[in-house]
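Trainee: What follows is the file entry24.txt, containing compact mmCIF, N, CA and C atoms:
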```txt
# COMPACT_ATOMS: atom_id res chain seq x y z
N MET A 1 58.26 96.76 105.25
CA MET A 1 58.17 97.82 106.23
C MET A 1 59.53 98.51 106.35
N LYS A 2 59.62 99.71 105.86
CA LYS A 2 60.87 100.46 105.89
C LYS A 2 60.97 101.22 107.20
N PHE A 3 62.14 101.13 107.83
CA PHE A 3 62.27 101.69 109.17
C PHE A 3 63.56 102.50 109.39
N VAL A 4 64.46 102.51 108.43
CA VAL A 4 65.72 103.24 108.61
C VAL A 4 65.49 104.69 108.17
N THR A 5 65.37 105.57 109.14
CA THR A 5 65.17 106.98 108.86
C THR A 5 66.52 107.65 108.58
N LYS A 6 66.44 108.87 108.12
CA LYS A 6 67.65 109.65 107.87
C LYS A 6 68.46 109.78 109.16
N GLN A 7 67.78 109.98 110.28
CA GLN A 7 68.46 110.15 111.57
C GLN A 7 69.14 108.84 111.99
N ILE A 8 68.46 107.72 111.86
CA ILE A 8 69.07 106.43 112.20
C ILE A 8 70.29 106.18 111.33
N HIS A 9 70.14 106.43 110.04
CA HIS A 9 71.25 106.24 109.11
C HIS A 9 72.44 107.11 109.51
N ALA A 10 72.17 108.36 109.86
CA ALA A 10 73.24 109.29 110.25
C ALA A 10 74.02 108.75 111.44
N TYR A 11 73.34 108.18 112.41
CA TYR A 11 74.02 107.65 113.60
C TYR A 11 74.72 106.32 113.34
N LEU A 12 74.36 105.63 112.28
CA LEU A 12 75.06 104.39 111.91
C LEU A 12 76.36 104.68 111.15
N ASP A 13 76.42 105.80 110.47
CA ASP A 13 77.54 106.09 109.57
C ASP A 13 78.91 106.08 110.24
N TYR A 14 79.06 106.74 111.38
CA TYR A 14 80.38 106.81 112.02
C TYR A 14 80.86 105.44 112.49
N PRO A 15 80.04 104.66 113.21
CA PRO A 15 80.53 103.33 113.62
C PRO A 15 80.85 102.42 112.44
N VAL A 16 80.08 102.51 111.38
CA VAL A 16 80.36 101.69 110.20
C VAL A 16 81.69 102.10 109.56
N ALA A 17 81.92 103.38 109.42
CA ALA A 17 83.18 103.86 108.84
C ALA A 17 84.36 103.41 109.70
N LEU A 18 84.24 103.55 111.01
CA LEU A 18 85.32 103.13 111.90
C LEU A 18 85.53 101.62 111.87
N ALA A 19 84.44 100.86 111.72
CA ALA A 19 84.57 99.41 111.60
C ALA A 19 85.30 99.03 110.32
N LEU A 20 84.98 99.71 109.23
CA LEU A 20 85.67 99.43 107.96
C LEU A 20 87.16 99.75 108.05
N ILE A 21 87.52 100.71 108.89
CA ILE A 21 88.92 101.06 109.08
C ILE A 21 89.60 100.06 110.04
N GLY A 22 88.92 99.71 111.10
CA GLY A 22 89.53 98.87 112.14
C GLY A 22 89.48 97.37 111.91
N LEU A 23 88.40 96.88 111.34
CA LEU A 23 88.24 95.43 111.19
C LEU A 23 89.29 94.74 110.32
N PRO A 24 89.82 95.38 109.29
CA PRO A 24 90.89 94.70 108.54
C PRO A 24 92.09 94.34 109.43
N PHE A 25 92.38 95.19 110.41
CA PHE A 25 93.48 94.90 111.34
C PHE A 25 93.08 93.79 112.31
N ILE A 26 91.89 93.91 112.87
CA ILE A 26 91.41 92.94 113.87
C ILE A 26 91.25 91.55 113.27
N LEU A 27 90.71 91.49 112.05
CA LEU A 27 90.45 90.20 111.40
C LEU A 27 91.63 89.69 110.57
N SER A 28 92.66 90.49 110.46
CA SER A 28 93.82 90.15 109.62
C SER A 28 93.39 89.86 108.18
N LEU A 29 92.59 90.77 107.63
CA LEU A 29 92.17 90.60 106.25
C LEU A 29 93.38 90.67 105.33
N GLY A 30 93.25 90.10 104.16
CA GLY A 30 94.28 90.18 103.15
C GLY A 30 95.00 88.88 102.90
N SER A 31 94.53 87.78 103.48
CA SER A 31 95.22 86.51 103.28
C SER A 31 95.12 86.02 101.84
N SER A 32 94.02 86.35 101.17
CA SER A 32 93.88 85.92 99.77
C SER A 32 94.36 86.98 98.79
N SER A 33 94.43 88.23 99.26
CA SER A 33 94.90 89.33 98.43
C SER A 33 95.10 90.55 99.34
N PRO A 34 96.20 91.25 99.20
CA PRO A 34 96.40 92.48 99.99
C PRO A 34 95.30 93.50 99.74
N LEU A 35 94.68 93.44 98.57
CA LEU A 35 93.61 94.38 98.24
C LEU A 35 92.41 94.22 99.17
N ALA A 36 92.20 93.03 99.70
CA ALA A 36 91.08 92.81 100.63
C ALA A 36 91.25 93.66 101.88
N PHE A 37 92.47 93.83 102.33
CA PHE A 37 92.77 94.69 103.47
C PHE A 37 92.63 96.16 103.06
N GLN A 38 93.25 96.52 101.96
CA GLN A 38 93.32 97.91 101.53
C GLN A 38 91.97 98.49 101.14
N LEU A 39 91.13 97.70 100.49
CA LEU A 39 89.83 98.18 100.03
C LEU A 39 88.95 98.60 101.19
N SER A 40 88.95 97.81 102.25
CA SER A 40 88.14 98.16 103.42
C SER A 40 88.66 99.42 104.08
N LEU A 41 89.97 99.51 104.23
CA LEU A 41 90.58 100.67 104.87
C LEU A 41 90.28 101.95 104.09
N VAL A 42 90.49 101.93 102.79
CA VAL A 42 90.23 103.11 101.95
C VAL A 42 88.74 103.46 101.94
N THR A 43 87.89 102.43 101.86
CA THR A 43 86.45 102.68 101.87
C THR A 43 86.01 103.27 103.20
N GLY A 44 86.58 102.79 104.30
CA GLY A 44 86.26 103.33 105.62
C GLY A 44 86.64 104.79 105.75
N ILE A 45 87.82 105.13 105.26
CA ILE A 45 88.27 106.54 105.30
C ILE A 45 87.34 107.40 104.44
N ALA A 46 87.01 106.91 103.25
CA ALA A 46 86.10 107.65 102.37
C ALA A 46 84.72 107.79 103.00
N ALA A 47 84.25 106.73 103.66
CA ALA A 47 82.93 106.76 104.32
C ALA A 47 82.93 107.77 105.46
N LEU A 48 84.03 107.85 106.18
CA LEU A 48 84.13 108.82 107.27
C LEU A 48 84.07 110.25 106.72
N ILE A 49 84.80 110.49 105.66
CA ILE A 49 84.78 111.82 105.03
C ILE A 49 83.38 112.13 104.49
N LEU A 50 82.77 111.15 103.82
CA LEU A 50 81.42 111.35 103.28
C LEU A 50 80.43 111.68 104.40
N THR A 51 80.53 111.00 105.51
CA THR A 51 79.63 111.25 106.64
C THR A 51 79.82 112.67 107.17
N ILE A 52 81.05 113.08 107.27
CA ILE A 52 81.35 114.43 107.78
C ILE A 52 80.76 115.51 106.88
N VAL A 53 80.72 115.27 105.56
CA VAL A 53 80.25 116.30 104.63
C VAL A 53 78.82 116.08 104.13
N THR A 54 78.09 115.13 104.74
CA THR A 54 76.71 114.88 104.32
C THR A 54 75.74 115.77 105.08
N ASP A 55 74.72 116.21 104.40
CA ASP A 55 73.67 117.04 104.99
C ASP A 55 72.69 116.15 105.76
N HIS A 56 73.11 115.76 106.97
CA HIS A 56 72.23 115.04 107.89
C HIS A 56 72.65 115.36 109.33
N GLN A 57 71.99 114.76 110.30
CA GLN A 57 72.15 115.12 111.71
C GLN A 57 73.59 115.07 112.21
N THR A 58 74.40 114.14 111.74
CA THR A 58 75.75 114.01 112.27
C THR A 58 76.82 114.57 111.32
N GLY A 59 76.39 115.11 110.20
CA GLY A 59 77.35 115.72 109.29
C GLY A 59 77.85 117.04 109.87
N LEU A 60 79.11 117.31 109.67
CA LEU A 60 79.69 118.54 110.22
C LEU A 60 79.68 119.68 109.21
N ILE A 61 79.75 119.33 107.94
CA ILE A 61 79.73 120.32 106.86
C ILE A 61 78.73 119.81 105.81
N ALA A 62 77.61 120.48 105.68
CA ALA A 62 76.54 120.00 104.81
C ALA A 62 76.81 120.32 103.34
N LEU A 63 77.68 119.52 102.72
CA LEU A 63 78.01 119.73 101.31
C LEU A 63 77.32 118.73 100.39
N VAL A 64 77.14 117.50 100.86
CA VAL A 64 76.60 116.42 100.03
C VAL A 64 75.15 116.15 100.44
N PRO A 65 74.22 116.24 99.49
CA PRO A 65 72.83 115.92 99.81
C PRO A 65 72.70 114.46 100.28
N TYR A 66 71.78 114.24 101.19
CA TYR A 66 71.58 112.91 101.75
C TYR A 66 71.26 111.87 100.66
N LYS A 67 70.49 112.25 99.66
CA LYS A 67 70.16 111.30 98.58
C LYS A 67 71.41 110.85 97.83
N ILE A 68 72.36 111.73 97.66
CA ILE A 68 73.64 111.35 97.02
C ILE A 68 74.40 110.39 97.94
N HIS A 69 74.37 110.66 99.22
CA HIS A 69 75.00 109.77 100.20
C HIS A 69 74.42 108.36 100.08
N LEU A 70 73.09 108.27 99.99
CA LEU A 70 72.44 106.96 99.84
C LEU A 70 72.87 106.27 98.55
N LEU A 71 72.99 107.03 97.48
CA LEU A 71 73.43 106.47 96.20
C LEU A 71 74.86 105.92 96.32
N VAL A 72 75.73 106.67 96.97
CA VAL A 72 77.11 106.21 97.17
C VAL A 72 77.12 104.92 98.00
N ASP A 73 76.31 104.88 99.06
CA ASP A 73 76.22 103.66 99.87
C ASP A 73 75.79 102.47 99.02
N PHE A 74 74.80 102.68 98.18
CA PHE A 74 74.31 101.61 97.31
C PHE A 74 75.42 101.12 96.37
N LEU A 75 76.15 102.05 95.78
CA LEU A 75 77.24 101.68 94.87
C LEU A 75 78.36 100.94 95.60
N VAL A 76 78.67 101.38 96.81
CA VAL A 76 79.68 100.68 97.62
C VAL A 76 79.22 99.26 97.91
N ALA A 77 77.96 99.09 98.23
CA ALA A 77 77.43 97.74 98.49
C ALA A 77 77.62 96.84 97.27
N LEU A 78 77.33 97.36 96.10
CA LEU A 78 77.50 96.57 94.88
C LEU A 78 78.97 96.21 94.65
N VAL A 79 79.85 97.16 94.88
CA VAL A 79 81.29 96.90 94.74
C VAL A 79 81.74 95.84 95.74
N PHE A 80 81.26 95.95 96.97
CA PHE A 80 81.66 94.97 98.00
C PHE A 80 81.17 93.56 97.63
N ILE A 81 79.98 93.46 97.10
CA ILE A 81 79.46 92.14 96.72
C ILE A 81 80.23 91.57 95.53
N ALA A 82 80.61 92.42 94.62
CA ALA A 82 81.34 91.97 93.42
C ALA A 82 82.83 91.76 93.66
N ALA A 83 83.40 92.45 94.63
CA ALA A 83 84.86 92.43 94.84
C ALA A 83 85.45 91.03 94.98
N PRO A 84 84.85 90.13 95.74
CA PRO A 84 85.45 88.80 95.85
C PRO A 84 85.54 88.06 94.51
N PHE A 85 84.57 88.30 93.65
CA PHE A 85 84.58 87.67 92.33
C PHE A 85 85.63 88.32 91.42
N ILE A 86 85.66 89.63 91.44
CA ILE A 86 86.56 90.38 90.56
C ILE A 86 88.02 90.21 90.96
N PHE A 87 88.27 90.25 92.28
CA PHE A 87 89.66 90.25 92.77
C PHE A 87 90.09 88.90 93.36
N SER A 88 89.27 87.89 93.20
CA SER A 88 89.59 86.53 93.67
C SER A 88 89.83 86.46 95.17
N PHE A 89 89.02 87.21 95.95
CA PHE A 89 89.11 87.08 97.40
C PHE A 89 88.55 85.71 97.78
N GLU A 90 89.14 85.10 98.77
CA GLU A 90 88.68 83.79 99.23
C GLU A 90 88.54 83.81 100.75
N GLY A 91 87.82 82.81 101.26
CA GLY A 91 87.70 82.64 102.70
C GLY A 91 87.13 83.86 103.40
N LEU A 92 87.77 84.20 104.53
CA LEU A 92 87.30 85.33 105.33
C LEU A 92 87.25 86.62 104.53
N ASP A 93 88.22 86.82 103.66
CA ASP A 93 88.24 88.03 102.83
C ASP A 93 86.94 88.15 102.03
N ALA A 94 86.54 87.06 101.39
CA ALA A 94 85.32 87.07 100.57
C ALA A 94 84.08 87.25 101.45
N TYR A 95 83.99 86.49 102.53
CA TYR A 95 82.80 86.57 103.39
C TYR A 95 82.65 87.95 104.01
N TYR A 96 83.76 88.57 104.35
CA TYR A 96 83.74 89.93 104.91
C TYR A 96 83.06 90.90 103.94
N TYR A 97 83.43 90.83 102.66
CA TYR A 97 82.86 91.75 101.68
C TYR A 97 81.42 91.40 101.34
N TRP A 98 81.12 90.12 101.24
CA TRP A 98 79.72 89.74 100.96
C TRP A 98 78.80 90.16 102.11
N LEU A 99 79.23 89.95 103.34
CA LEU A 99 78.42 90.30 104.50
C LEU A 99 78.23 91.82 104.59
N ASN A 100 79.32 92.56 104.43
CA ASN A 100 79.21 94.02 104.48
C ASN A 100 78.37 94.56 103.35
N GLY A 101 78.56 94.03 102.15
CA GLY A 101 77.76 94.47 101.01
C GLY A 101 76.28 94.21 101.22
N ALA A 102 75.96 93.02 101.73
CA ALA A 102 74.55 92.68 102.00
C ALA A 102 73.97 93.58 103.09
N ALA A 103 74.76 93.86 104.13
CA ALA A 103 74.29 94.72 105.21
C ALA A 103 73.99 96.14 104.71
N VAL A 104 74.87 96.68 103.89
CA VAL A 104 74.66 98.03 103.35
C VAL A 104 73.45 98.05 102.42
N LEU A 105 73.32 97.03 101.59
CA LEU A 105 72.14 96.94 100.71
C LEU A 105 70.86 96.89 101.54
N PHE A 106 70.89 96.13 102.63
CA PHE A 106 69.72 96.04 103.50
C PHE A 106 69.37 97.40 104.08
N VAL A 107 70.36 98.10 104.63
CA VAL A 107 70.11 99.41 105.24
C VAL A 107 69.56 100.38 104.20
N VAL A 108 70.17 100.42 103.04
CA VAL A 108 69.71 101.34 101.99
C VAL A 108 68.30 100.96 101.53
N SER A 109 68.02 99.68 101.39
CA SER A 109 66.69 99.26 100.92
C SER A 109 65.61 99.47 101.98
N MET A 110 66.01 99.57 103.24
CA MET A 110 65.06 99.80 104.33
C MET A 110 64.90 101.28 104.67
N HIS A 111 65.46 102.15 103.81
CA HIS A 111 65.36 103.59 104.04
C HIS A 111 63.91 104.05 103.96
N LYS A 112 63.51 104.73 104.99
CA LYS A 112 62.15 105.27 105.07
C LYS A 112 62.19 106.74 104.66
N ALA A 113 61.45 107.09 103.64
CA ALA A 113 61.42 108.48 103.17
C ALA A 113 60.90 109.39 104.26
N ASP A 114 61.51 110.55 104.38
CA ASP A 114 61.09 111.57 105.34
C ASP A 114 59.97 112.38 104.69
N LEU A 115 58.74 112.07 105.07
CA LEU A 115 57.58 112.72 104.44
C LEU A 115 57.48 114.19 104.78
N SER A 116 58.03 114.61 105.92
CA SER A 116 57.92 116.01 106.30
C SER A 116 58.78 116.92 105.43
N SER A 117 59.81 116.35 104.76
CA SER A 117 60.66 117.19 103.93
C SER A 117 60.25 117.17 102.46
N GLN A 118 59.24 116.36 102.11
CA GLN A 118 58.80 116.31 100.73
C GLN A 118 57.77 117.39 100.46
N LYS A 119 57.81 117.97 99.26
CA LYS A 119 56.86 119.01 98.88
C LYS A 119 55.59 118.37 98.35
N ASN A 120 54.47 119.03 98.57
CA ASN A 120 53.18 118.51 98.07
C ASN A 120 53.03 118.75 96.61
```
Would you give me this structure, written as structure tokens?
Mentor:
Amino acid sequence: MKFVTKQIHAYLDYPVALALIGLPFILSLGSSSPLAFQLSLVTGIAALILTIVTDHQTGLIALVPYKIHLLVDFLVALVFIAAPFIFSFEGLDAYYYWLNGAAVLFVVSMHKADLSSQKN
């Protein structure tokens, strides 16, 4: 049962981006690698910019189609899940990326198509 609409996703984007920016400081990420801190911060800034330029309810400048936004989210989830293996993140650093990657994959996989915008 898919329940994440375009509107719900749009309202989740800003808090998620801000969390990716703020949580590395709050959780003191980077104990296993400085990259664990930096990757979240850079991804959060990029997510904030992407949200601002996405064609959805909370986007300020409709430059990026929503489907492209979903694709980017999916790719970020895959990178987050792989990052601990690739960069040897351990402990909290690894769990942070695995949890965030799984959460983003869940949201993207629960996306409910907007039937009113589809052509017959």
Trainee: Tell me which protein, DNA and RNA residues are within 6 Å of segment 84-98 of chain A, counting all atoms listed in the file, leaving out same-chain ones fewer than 4 positions away, and put them as a list of chain:residue names.
Mentor: A:Leu29, A:Gly30, A:Ser32, A:Ser33, A:Ala36, A:Phe80, A:Ala102, A:Ala103
Trainee: Measuring atom to atom with only C-alpha atoms, identify which of A:Phe25, A:Ala17, A:Ala77, A:Ala113 is nearest to Gln38 of chain A.
Mentor: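 Smallest distance to Gln38 of chain A is found for A:Phe25.
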Trainee: Which residues, written as a list in words, have at least one atom at most 10 Å from segment 47-58 of chain A, with only C-alpha atoms counted and residues fewer than 4 positions away on the same chain left out?
Mentor: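 That gives Lys6, Gln7, Ile8, His9, Ala10, Tyr11, Leu12, Asp13, Tyr14, Pro15, Val16, Ala17, Leu18, Leu20, Ile21, Leu41, Val42, Thr43, Ala62, Leu63, Val64, Pro65, Tyr66, Lys67, Ile68, His69, Val72, Asp73 and Val76 of chain A.
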Trainee: Please return, as a VMD selection string, all residues of segment 13-119 of chain A that DSSP assigns to alpha helix (DSSP H) on the basis of the backbone.
Mentor: chain A and resid 13 to 26 34 to 52 66 to 87 91 to 109
Trainee: Distance atom CA of Lys112 of chain A-atom C of Ala19 of chain A, one decimal place?
Mentor: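 So the two atoms, atom CA of Lys112 of chain A and atom C of Ala19 of chain A, lie 24.5 Å apart.
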Trainee: Can you tell me how far atom N of Leu75 of chain A sits from atom CA of Ile45 of chain A, in Å to one decimal?
Mentor: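 Computing it gives 16.1 Å between the two atoms.
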Trainee: Can you measure atom N of Pro24 of chain A to atom N of Ser109 of chain A for me? One decimal in Å is fine.
Mentor: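 These atoms are spaced 23.6 Å apart.
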Trainee: Taking all atoms of segment 67-82 of chain A that the file lists and extending 4 Å past them on each side, where is the centre of the axis-aligned box and how long are its edges? Answer in Å to one decimal, as lines of an AutoDock Vina configuration file.
Mentor:
```
center_x = 76.5
center_y = 101.9
center_z = 96.8
size_x = 20.7
size_y = 28.7
size_z = 14.8
```
Trainee: Under the rule that only C-alpha atoms are counted, which of A:Ala46, A:Leu99, A:Ala82, A:Leu71 is the nearest residue to His111 of chain A?
Mentor: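 Among A:Ala46, A:Leu99, A:Ala82, A:Leu71, it is A:Leu71 that comes nearest to His111 of chain A.
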Trainee: Quick one: pick out all strand (DSSP E or B) residues within chain A from a backbone DSSP run and write them as a VMD selection string.
Mentor: chain A and resid 4 54 64 111
